[in-house]
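Below is input.cif, which holds mmCIF, C-alpha atoms.
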data_query
#
loop_
_atom_site.group_PDB
_atom_site.id
_atom_site.type_symbol
_atom_site.label_atom_id
_atom_site.label_comp_id
_atom_site.auth_asym_id
_atom_site.auth_seq_id
_atom_site.Cartn_x
_atom_site.Cartn_y
_atom_site.Cartn_z
ATOM 1 C CA MET A 1 1.869 13.830 -15.239
ATOM 2 C CA ALA A 2 4.985 12.779 -13.345
ATOM 3 C CA ARG A 3 6.259 15.137 -10.650
ATOM 4 C CA ALA A 4 9.673 15.792 -9.156
ATOM 5 C CA SER A 5 10.697 12.982 -6.847
ATOM 6 C CA GLN A 6 12.854 13.473 -3.751
ATOM 7 C CA ALA A 7 15.213 10.642 -2.826
ATOM 8 C CA VAL A 8 14.910 9.872 0.880
ATOM 9 C CA SER A 9 16.494 7.463 3.360
ATOM 10 C CA ILE A 10 14.530 5.793 6.147
ATOM 11 C CA THR A 11 16.350 4.233 9.083
ATOM 12 C CA ALA A 12 14.761 0.972 10.207
ATOM 13 C CA GLY A 13 16.788 -0.449 13.083
ATOM 14 C CA PRO A 14 20.199 -1.491 11.781
ATOM 15 C CA VAL A 15 19.369 -0.865 8.103
ATOM 16 C CA THR A 16 18.642 2.137 5.896
ATOM 17 C CA LEU A 17 15.906 1.886 3.282
ATOM 18 C CA ALA A 18 15.757 3.934 0.089
ATOM 19 C CA GLY A 19 12.613 5.762 -0.908
ATOM 20 C CA ASP A 20 11.170 8.239 -3.407
ATOM 21 C CA LEU A 21 8.887 10.932 -1.993
ATOM 22 C CA VAL A 22 6.620 13.072 -4.171
ATOM 23 C CA LEU A 23 4.634 15.928 -2.621
ATOM 24 C CA PRO A 24 2.333 17.807 -5.007
ATOM 25 C CA PRO A 25 1.690 21.463 -4.129
ATOM 26 C CA ALA A 26 -0.844 21.713 -1.299
ATOM 27 C CA ALA A 27 -1.018 17.921 -0.977
ATOM 28 C CA SER A 28 -4.207 16.835 0.810
ATOM 29 C CA GLY A 29 -2.933 13.434 1.915
ATOM 30 C CA LEU A 30 -0.090 10.992 1.432
ATOM 31 C CA VAL A 31 0.052 7.325 0.436
ATOM 32 C CA ALA A 32 2.959 5.030 1.293
ATOM 33 C CA PHE A 33 3.451 2.028 -1.003
ATOM 34 C CA ALA A 34 4.456 -1.487 0.037
ATOM 35 C CA HIS A 35 5.585 -3.431 -3.017
ATOM 36 C CA GLY A 36 5.054 -7.107 -3.622
ATOM 37 C CA SER A 37 7.178 -10.210 -3.782
ATOM 38 C CA GLY A 38 10.561 -9.743 -5.411
ATOM 39 C CA SER A 39 9.814 -6.144 -6.398
ATOM 40 C CA SER A 40 11.093 -2.713 -5.323
ATOM 41 C CA ARG A 41 10.187 0.956 -5.279
ATOM 42 C CA HIS A 42 10.781 0.913 -9.039
ATOM 43 C CA SER A 43 7.742 -1.314 -9.662
ATOM 44 C CA PRO A 44 6.200 0.068 -12.884
ATOM 45 C CA ARG A 45 2.686 -0.854 -11.784
ATOM 46 C CA ASN A 46 2.992 0.869 -8.413
ATOM 47 C CA ARG A 47 4.539 3.901 -10.091
ATOM 48 C CA ALA A 48 1.625 4.060 -12.513
ATOM 49 C CA VAL A 49 -0.806 4.019 -9.577
ATOM 50 C CA ALA A 50 1.301 6.641 -7.774
ATOM 51 C CA GLU A 51 1.011 9.019 -10.732
ATOM 52 C CA VAL A 52 -2.781 8.736 -10.661
ATOM 53 C CA LEU A 53 -2.732 9.611 -6.954
ATOM 54 C CA GLN A 54 -0.329 12.500 -7.516
ATOM 55 C CA ASP A 55 -2.572 13.929 -10.232
ATOM 56 C CA ALA A 56 -5.368 13.939 -7.625
ATOM 57 C CA GLY A 57 -3.261 15.990 -5.197
ATOM 58 C CA LEU A 58 -2.000 13.140 -3.018
ATOM 59 C CA GLY A 59 1.638 12.733 -2.051
ATOM 60 C CA THR A 60 3.301 9.351 -2.479
ATOM 61 C CA LEU A 61 6.157 7.479 -0.852
ATOM 62 C CA LEU A 62 7.571 4.507 -2.730
ATOM 63 C CA MET A 63 10.206 2.690 -0.703
ATOM 64 C CA ASP A 64 12.304 -0.435 -0.804
ATOM 65 C CA LEU A 65 11.344 -2.824 1.966
ATOM 66 C CA LEU A 66 14.692 -4.618 1.681
ATOM 67 C CA THR A 67 18.243 -3.313 1.421
ATOM 68 C CA ALA A 68 20.333 -4.069 -1.653
ATOM 69 C CA GLY A 69 22.151 -6.805 0.268
ATOM 70 C CA GLU A 70 18.913 -8.330 1.484
ATOM 71 C CA GLU A 71 17.540 -8.271 -2.050
ATOM 72 C CA ARG A 72 20.531 -10.259 -3.285
ATOM 73 C CA ILE A 73 19.889 -12.874 -0.605
ATOM 74 C CA ASP A 74 16.174 -12.902 -1.355
ATOM 75 C CA MET A 75 16.795 -13.428 -5.075
ATOM 76 C CA VAL A 76 18.352 -16.764 -4.152
ATOM 77 C CA THR A 77 16.249 -17.866 -1.177
ATOM 78 C CA ALA A 78 12.944 -15.950 -1.670
ATOM 79 C CA GLU A 79 12.604 -16.039 2.116
ATOM 80 C CA LEU A 80 12.596 -12.355 3.039
ATOM 81 C CA ARG A 81 9.765 -11.415 0.676
ATOM 82 C CA PHE A 82 7.459 -13.597 2.767
ATOM 83 C CA ASP A 83 8.736 -12.376 6.144
ATOM 84 C CA ILE A 84 5.596 -10.362 6.842
ATOM 85 C CA PRO A 85 6.558 -9.337 10.420
ATOM 86 C CA LEU A 86 9.828 -7.905 9.069
ATOM 87 C CA LEU A 87 8.183 -6.114 6.137
ATOM 88 C CA GLY A 88 5.241 -4.913 8.221
ATOM 89 C CA GLY A 89 7.646 -3.519 10.797
ATOM 90 C CA ARG A 90 9.431 -1.549 8.104
ATOM 91 C CA VAL A 91 6.196 -0.105 6.738
ATOM 92 C CA THR A 92 5.360 0.888 10.323
ATOM 93 C CA VAL A 93 8.718 2.669 10.559
ATOM 94 C CA ALA A 94 7.846 4.545 7.357
ATOM 95 C CA VAL A 95 4.498 5.628 8.837
ATOM 96 C CA ASP A 96 6.335 6.964 11.899
ATOM 97 C CA TRP A 97 8.946 8.647 9.684
ATOM 98 C CA LEU A 98 6.210 10.488 7.786
ATOM 99 C CA HIS A 99 4.621 11.555 11.062
ATOM 100 C CA GLU A 100 7.907 13.035 12.271
ATOM 101 C CA ARG A 101 8.784 15.045 9.139
ATOM 102 C CA PRO A 102 7.533 18.647 9.274
ATOM 103 C CA GLU A 103 6.314 18.676 5.656
ATOM 104 C CA THR A 104 4.286 15.465 6.011
ATOM 105 C CA SER A 105 3.352 15.293 9.695
ATOM 106 C CA GLY A 106 -0.026 16.981 9.219
ATOM 107 C CA LEU A 107 -1.165 14.886 6.256
ATOM 108 C CA PRO A 108 -3.594 11.949 6.554
ATOM 109 C CA VAL A 109 -1.720 8.781 5.604
ATOM 110 C CA GLY A 110 -2.947 5.840 3.567
ATOM 111 C CA LEU A 111 -1.160 2.601 2.691
ATOM 112 C CA PHE A 112 -1.173 0.866 -0.691
ATOM 113 C CA GLY A 113 0.051 -2.714 -0.794
ATOM 114 C CA ALA A 114 0.510 -5.067 -3.742
ATOM 115 C CA SER A 115 0.887 -8.848 -3.469
ATOM 116 C CA THR A 116 2.689 -9.663 -0.198
ATOM 117 C CA GLY A 117 3.085 -5.927 0.392
ATOM 118 C CA ALA A 118 -0.635 -5.802 1.159
ATOM 119 C CA ALA A 119 -0.051 -7.965 4.229
ATOM 120 C CA ALA A 120 2.802 -5.691 5.315
ATOM 121 C CA ALA A 121 0.534 -2.650 4.916
ATOM 122 C CA LEU A 122 -2.187 -4.253 7.021
ATOM 123 C CA VAL A 123 0.303 -5.167 9.752
ATOM 124 C CA ALA A 124 1.410 -1.518 9.843
ATOM 125 C CA ALA A 125 -2.192 -0.298 9.882
ATOM 126 C CA ALA A 126 -2.897 -2.546 12.869
ATOM 127 C CA ALA A 127 0.235 -1.270 14.626
ATOM 128 C CA ARG A 128 -0.572 2.421 14.009
ATOM 129 C CA PRO A 129 -4.376 2.763 14.070
ATOM 130 C CA GLU A 130 -4.094 6.421 15.092
ATOM 131 C CA ARG A 131 -1.980 7.303 12.036
ATOM 132 C CA VAL A 132 -3.179 5.132 9.147
ATOM 133 C CA ARG A 133 -6.465 6.414 7.732
ATOM 134 C CA ALA A 134 -7.067 3.983 4.831
ATOM 135 C CA VAL A 135 -5.585 0.879 3.189
ATOM 136 C CA VAL A 136 -5.791 -0.389 -0.390
ATOM 137 C CA SER A 137 -4.634 -3.826 -1.525
ATOM 138 C CA ARG A 138 -4.088 -4.528 -5.249
ATOM 139 C CA GLY A 139 -3.849 -8.198 -6.126
ATOM 140 C CA GLY A 140 -2.749 -8.590 -2.545
ATOM 141 C CA ARG A 141 -2.307 -11.341 -0.012
ATOM 142 C CA PRO A 142 -4.095 -9.839 2.995
ATOM 143 C CA ASP A 143 -4.454 -13.336 4.404
ATOM 144 C CA LEU A 144 -0.722 -13.285 5.203
ATOM 145 C CA ALA A 145 -1.334 -10.503 7.749
ATOM 146 C CA ASP A 146 -2.875 -13.292 9.828
ATOM 147 C CA ASP A 147 -3.461 -12.266 13.470
ATOM 148 C CA ALA A 148 -3.129 -8.551 12.644
ATOM 149 C CA LEU A 149 -6.330 -8.529 10.566
ATOM 150 C CA PRO A 150 -8.807 -8.112 13.462
ATOM 151 C CA ASP A 151 -6.717 -5.213 14.825
ATOM 152 C CA VAL A 152 -6.916 -3.100 11.663
ATOM 153 C CA ARG A 153 -9.103 -0.022 12.240
ATOM 154 C CA ALA A 154 -8.653 1.821 8.937
ATOM 155 C CA PRO A 155 -11.166 1.124 6.129
ATOM 156 C CA VAL A 156 -9.742 -1.420 3.671
ATOM 157 C CA LEU A 157 -10.308 -1.689 -0.085
ATOM 158 C CA LEU A 158 -9.357 -5.053 -1.601
ATOM 159 C CA VAL A 159 -8.910 -4.849 -5.393
ATOM 160 C CA VAL A 160 -8.611 -8.242 -7.088
ATOM 161 C CA GLY A 161 -8.619 -9.379 -10.693
ATOM 162 C CA GLY A 162 -11.661 -11.386 -11.710
ATOM 163 C CA ARG A 163 -9.423 -14.034 -13.289
ATOM 164 C CA ASP A 164 -7.087 -14.228 -10.282
ATOM 165 C CA HIS A 165 -9.206 -16.997 -8.783
ATOM 166 C CA GLU A 166 -7.045 -18.255 -5.911
ATOM 167 C CA VAL A 167 -6.105 -14.755 -4.738
ATOM 168 C CA LEU A 168 -9.766 -13.754 -4.945
ATOM 169 C CA ARG A 169 -10.646 -16.651 -2.658
ATOM 170 C CA LEU A 170 -7.922 -15.649 -0.190
ATOM 171 C CA ASN A 171 -9.150 -12.040 -0.230
ATOM 172 C CA GLU A 172 -12.696 -13.158 0.488
ATOM 173 C CA GLU A 173 -11.445 -15.132 3.481
ATOM 174 C CA ALA A 174 -9.375 -12.191 4.746
ATOM 175 C CA ALA A 175 -12.331 -9.832 4.349
ATOM 176 C CA ARG A 176 -14.356 -12.012 6.686
ATOM 177 C CA ARG A 177 -11.630 -11.696 9.346
ATOM 178 C CA LEU A 178 -11.384 -7.928 9.120
ATOM 179 C CA THR A 179 -13.425 -6.021 11.691
ATOM 180 C CA ALA A 180 -12.724 -2.672 9.995
ATOM 181 C CA PRO A 181 -15.002 -1.467 7.176
ATOM 182 C CA CYS A 182 -13.999 -3.411 4.070
ATOM 183 C CA LEU A 183 -14.956 -3.411 0.390
ATOM 184 C CA LEU A 184 -13.909 -6.085 -2.113
ATOM 185 C CA ARG A 185 -13.644 -4.676 -5.637
ATOM 186 C CA VAL A 186 -13.308 -7.234 -8.451
ATOM 187 C CA VAL A 187 -11.899 -5.939 -11.753
ATOM 188 C CA PRO A 188 -13.435 -8.074 -14.541
ATOM 189 C CA GLY A 189 -10.974 -9.789 -16.864
ATOM 190 C CA ALA A 190 -7.887 -8.928 -14.808
ATOM 191 C CA THR A 191 -5.273 -11.476 -13.805
ATOM 192 C CA HIS A 192 -2.847 -11.157 -10.902
ATOM 193 C CA LEU A 193 -0.593 -8.442 -12.349
ATOM 194 C CA PHE A 194 -3.397 -6.388 -13.941
ATOM 195 C CA GLU A 195 -1.615 -6.508 -17.304
ATOM 196 C CA GLU A 196 -4.794 -6.597 -19.373
ATOM 197 C CA PRO A 197 -5.669 -3.299 -21.136
ATOM 198 C CA GLY A 198 -7.456 -0.876 -18.855
ATOM 199 C CA THR A 199 -7.425 -3.072 -15.754
ATOM 200 C CA LEU A 200 -4.571 -1.341 -13.921
ATOM 201 C CA GLU A 201 -6.254 1.995 -14.626
ATOM 202 C CA GLN A 202 -9.434 0.711 -12.994
ATOM 203 C CA ALA A 203 -7.487 -0.399 -9.934
ATOM 204 C CA ALA A 204 -5.673 2.940 -9.736
ATOM 205 C CA GLU A 205 -8.898 4.938 -10.005
ATOM 206 C CA ALA A 206 -10.547 2.845 -7.295
ATOM 207 C CA ALA A 207 -7.526 3.420 -5.043
ATOM 208 C CA ARG A 208 -7.563 7.138 -5.779
ATOM 209 C CA ASP A 209 -11.215 7.489 -4.799
ATOM 210 C CA TRP A 210 -10.682 5.452 -1.622
ATOM 211 C CA PHE A 211 -7.744 7.572 -0.526
ATOM 212 C CA LEU A 212 -9.388 10.874 -1.406
ATOM 213 C CA ASP A 213 -12.190 10.001 0.987
ATOM 214 C CA MET A 214 -9.703 9.652 3.861
ATOM 215 C CA ARG A 215 -9.071 13.401 3.800
ATOM 216 C CA PRO A 216 -10.729 15.710 6.316
ATOM 217 C CA GLY A 217 -14.186 16.513 4.997
ATOM 218 C CA GLY A 218 -14.328 13.403 2.834
ATOM 219 C CA GLU A 219 -17.261 11.027 2.970
ATOM 220 C CA GLY A 220 -15.081 8.368 4.566
ATOM 221 C CA PRO A 221 -13.649 5.478 2.550
ATOM 222 C CA ALA A 222 -15.990 2.975 4.152
ATOM 223 C CA HIS A 223 -18.734 3.670 1.623
ATOM 224 C CA PRO A 224 -18.960 1.561 -1.546
ATOM 225 C CA ALA A 225 -17.524 3.319 -4.578
#
Once more with this new file: its structure as C-alpha cells, please.
Amino acid sequence: MARASQAVSITAGPVTLAGDLVLPPAASGLVAFAHGSGSSRHSPRNRAVAEVLQDAGLGTLLMDLLTAGEERIDMVTAELRFDIPLLGGRVTVAVDWLHERPETSGLPVGLFGASTGAAAALVAAAARPERVRAVVSRGGRPDLADDALPDVRAPVLLVVGGRDHEVLRLNEEAARRLTAPCLLRVVPGATHLFEEPGTLEQAAEAARDWFLDMRPGGEGPAHPA
C-alpha cells in the first residue's frame, strides 16, 4: 500500500538534490535508497522495495544522486554514474540531513543500494559508522567501494541473482574484504535486474527483515535470515 510522499530538497555542496520522503505513522526506522547506474529516485524496482519497507513500518527516502543537469551529461558520457566518491559523498550528506531533521533524527537509519548505488551506500556507511545501522545491496557492485569496505561497521546483506554470475563473483570478493558482519543471499533464477517473477519480492522481503532487525530491541541484522 503506497503512502503519501513528501517532496524534499537536500543541499549537497553547490547542488540541490531532489528526494521523496515517506514516513509511516510511528515509523520504527528509516531507509535511504541509493539508485544504480543511469537511474533515479523514480526507479520502479527501488520503489517496489520501498513499499514493502513502508508496509513494515519503516520510513523511506528515495533521492536523486545527480542533478537534472548532471543527468543530461551522464546520459552522454556515463562518467558520473561511476564516480563512487561523488555519489558516496552525496549519500553521506543525506544521512546527515536525516540526522538533523527533527522528525527523523531519532530513527535508526539503514541504506539500500542497487547496482553502483550499493558502492555509494557502503562509502557512506564507512563515513558515518555511528549513524548507519545496516546496509543492503541488491544486484550491487560493492567491489566499487574499494578502500571503504574494511571501514564499514554496519552489518551488510548482499542480495544477488543466481544467474547474475559476474556480479555474484564480485560480491563474493567484496564480502571477503568486509570486516563487518556480512551475509550473501543468492536468489535462485534471478538475473541482474530481478525481473523474473517473484525474484524482486524475495529481495525486498530479505531487505525488510534485515532492516527490521536494526531497530532497538531487534536481534541484530548480523544473523542469517
Since I can't run it myself right now, could you work out what the PyMOL selection byres ((chain A and resi 89) around 12) selects here and report it as a compact mmCIF listing (two decimals) with C-alpha atoms, in the coordinates of the input?
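Saved to part_38.txt:
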# COMPACT_ATOMS: atom_id res chain seq x y z
CA THR A 11 16.35 4.23 9.08
CA ALA A 12 14.76 0.97 10.21
CA GLY A 13 16.79 -0.45 13.08
CA ALA A 34 4.46 -1.49 0.04
CA LEU A 65 11.34 -2.82 1.97
CA LEU A 66 14.69 -4.62 1.68
CA ASP A 83 8.74 -12.38 6.14
CA ILE A 84 5.60 -10.36 6.84
CA PRO A 85 6.56 -9.34 10.42
CA LEU A 86 9.83 -7.90 9.07
CA LEU A 87 8.18 -6.11 6.14
CA GLY A 88 5.24 -4.91 8.22
CA ARG A 90 9.43 -1.55 8.10
CA VAL A 91 6.20 -0.10 6.74
CA THR A 92 5.36 0.89 10.32
CA VAL A 93 8.72 2.67 10.56
CA ALA A 94 7.85 4.54 7.36
CA VAL A 95 4.50 5.63 8.84
CA ASP A 96 6.34 6.96 11.90
CA GLY A 117 3.08 -5.93 0.39
CA ALA A 119 -0.05 -7.96 4.23
CA ALA A 120 2.80 -5.69 5.32
CA ALA A 121 0.53 -2.65 4.92
CA LEU A 122 -2.19 -4.25 7.02
CA VAL A 123 0.30 -5.17 9.75
CA ALA A 124 1.41 -1.52 9.84
CA ALA A 125 -2.19 -0.30 9.88
CA ALA A 126 -2.90 -2.55 12.87
CA ALA A 127 0.24 -1.27 14.63
CA ARG A 128 -0.57 2.42 14.01
CA ALA A 145 -1.33 -10.50 7.75
Who sits within 7 Å of segment 135-139 of chain A, all atoms listed in the file, same chain under 6 positions skipped, as a list in words = Gly110, Leu111, Phe112, Gly113, Ala114, Ser115, Ala118, Ala154, Pro155, Val156, Leu157, Leu158, Val159, Val160, Gly161, His192 and Ala207 of chain A
Selection above as a file: C-alpha atoms, as a tab-separated table (two decimals), in the frame of the given file:
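Saved file out-v4.tsv follows:
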chain	number	residue	atom	x	y	z
A	110	GLY	CA	-2.95	5.84	3.57
A	111	LEU	CA	-1.16	2.60	2.69
A	112	PHE	CA	-1.17	0.87	-0.69
A	113	GLY	CA	0.05	-2.71	-0.79
A	114	ALA	CA	0.51	-5.07	-3.74
A	115	SER	CA	0.89	-8.85	-3.47
A	118	ALA	CA	-0.64	-5.80	1.16
A	154	ALA	CA	-8.65	1.82	8.94
A	155	PRO	CA	-11.17	1.12	6.13
A	156	VAL	CA	-9.74	-1.42	3.67
A	157	LEU	CA	-10.31	-1.69	-0.08
A	158	LEU	CA	-9.36	-5.05	-1.60
A	159	VAL	CA	-8.91	-4.85	-5.39
A	160	VAL	CA	-8.61	-8.24	-7.09
A	161	GLY	CA	-8.62	-9.38	-10.69
A	192	HIS	CA	-2.85	-11.16	-10.90
A	207	ALA	CA	-7.53	3.42	-5.04
note - atom CA of Arg185 of chain A and atom CA of Phe82 of chain A are separated by 24.4 Å
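Between atom CA of Val186 of chain A and atom CA of Glu201 of chain A the interatomic distance comes to 13.2 Å.
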Hey, what comes out of the PyMOL selection byres ((chain A and resi 151) around 9) on this file? Could you write it as a PDB file with C-alpha atoms, keeping the file's coordinate frame?
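Saved result, part25.pdb, follows:
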ATOM      1  CA  VAL A 123       0.303  -5.167   9.752  1.00  0.00           C
ATOM      2  CA  ALA A 125      -2.192  -0.298   9.882  1.00  0.00           C
ATOM      3  CA  ALA A 126      -2.897  -2.546  12.869  1.00  0.00           C
ATOM      4  CA  ALA A 127       0.235  -1.270  14.626  1.00  0.00           C
ATOM      5  CA  PRO A 129      -4.376   2.763  14.070  1.00  0.00           C
ATOM      6  CA  ASP A 147      -3.461 -12.266  13.470  1.00  0.00           C
ATOM      7  CA  ALA A 148      -3.129  -8.551  12.644  1.00  0.00           C
ATOM      8  CA  LEU A 149      -6.330  -8.529  10.566  1.00  0.00           C
ATOM      9  CA  PRO A 150      -8.807  -8.112  13.462  1.00  0.00           C
ATOM     10  CA  VAL A 152      -6.916  -3.100  11.663  1.00  0.00           C
ATOM     11  CA  ARG A 153      -9.103  -0.022  12.240  1.00  0.00           C
ATOM     12  CA  LEU A 178     -11.384  -7.928   9.120  1.00  0.00           C
ATOM     13  CA  THR A 179     -13.425  -6.021  11.691  1.00  0.00           C
ATOM     14  CA  ALA A 180     -12.724  -2.672   9.995  1.00  0.00           C
TER      15      ALA A 180
END
Near-Gly189 of chain A list (9 Å; all atoms listed in the file; drop same-chain fewer than 3 positions) as an mmCIF file with C-alpha atoms, in the frame of the given file:
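File produced: around-v6.cif:
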data_model
loop_
_atom_site.group_PDB
_atom_site.id
_atom_site.type_symbol
_atom_site.label_atom_id
_atom_site.label_comp_id
_atom_site.auth_asym_id
_atom_site.auth_seq_id
_atom_site.Cartn_x
_atom_site.Cartn_y
_atom_site.Cartn_z
ATOM 1 C CA GLY A 161 -8.619 -9.379 -10.693
ATOM 2 C CA GLY A 162 -11.661 -11.386 -11.710
ATOM 3 C CA ARG A 163 -9.423 -14.034 -13.289
ATOM 4 C CA ASP A 164 -7.087 -14.228 -10.282
ATOM 5 C CA PHE A 194 -3.397 -6.388 -13.941
ATOM 6 C CA GLU A 196 -4.794 -6.597 -19.373
ATOM 7 C CA THR A 199 -7.425 -3.072 -15.754
#
Take the PyMOL selection byres ((chain A and resi 44) around 12), run it mentally on this structure, and tell me the resulting residues as a list in words.
His35, Gly36, Ser39, Ser40, Arg41, His42, Ser43, Arg45, Asn46, Arg47, Ala48, Val49, Ala50, Glu51, Leu62, Ala114, Leu193, Phe194, Glu195 and Leu200 of chain A
Compute the distance from (3.3, 11.2, 8.5) to each atom, counting all atoms listed in the file, keep the residues with any atom at most 8 Å away, and return them as a compact mmCIF listing (two decimals) with C-alpha atoms, in the frame of the given file; use the coordinates of the file.
# COMPACT_ATOMS: atom_id res chain seq x y z
CA LEU A 30 -0.09 10.99 1.43
CA VAL A 95 4.50 5.63 8.84
CA ASP A 96 6.34 6.96 11.90
CA TRP A 97 8.95 8.65 9.68
CA LEU A 98 6.21 10.49 7.79
CA HIS A 99 4.62 11.56 11.06
CA GLU A 100 7.91 13.04 12.27
CA ARG A 101 8.78 15.04 9.14
CA THR A 104 4.29 15.46 6.01
CA SER A 105 3.35 15.29 9.70
CA GLY A 106 -0.03 16.98 9.22
CA LEU A 107 -1.16 14.89 6.26
CA PRO A 108 -3.59 11.95 6.55
CA VAL A 109 -1.72 8.78 5.60
CA ARG A 131 -1.98 7.30 12.04
- Task: Find the residues around Asp55 of chain A up to 12 Å (only C-alpha atoms counted), leave out those fewer than 6 positions away in its own chain, and share them as an MDAnalysis selection string.
- Result: chainID A and resid 1:3 22:28 48:49 204:205 208 212
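Nearest-residue note for Val8 of chain A: choosing from A:Glu130, A:Leu183, A:Ala56, A:Leu21, the minimum distance belongs to A:Leu21, counting only C-alpha atoms.
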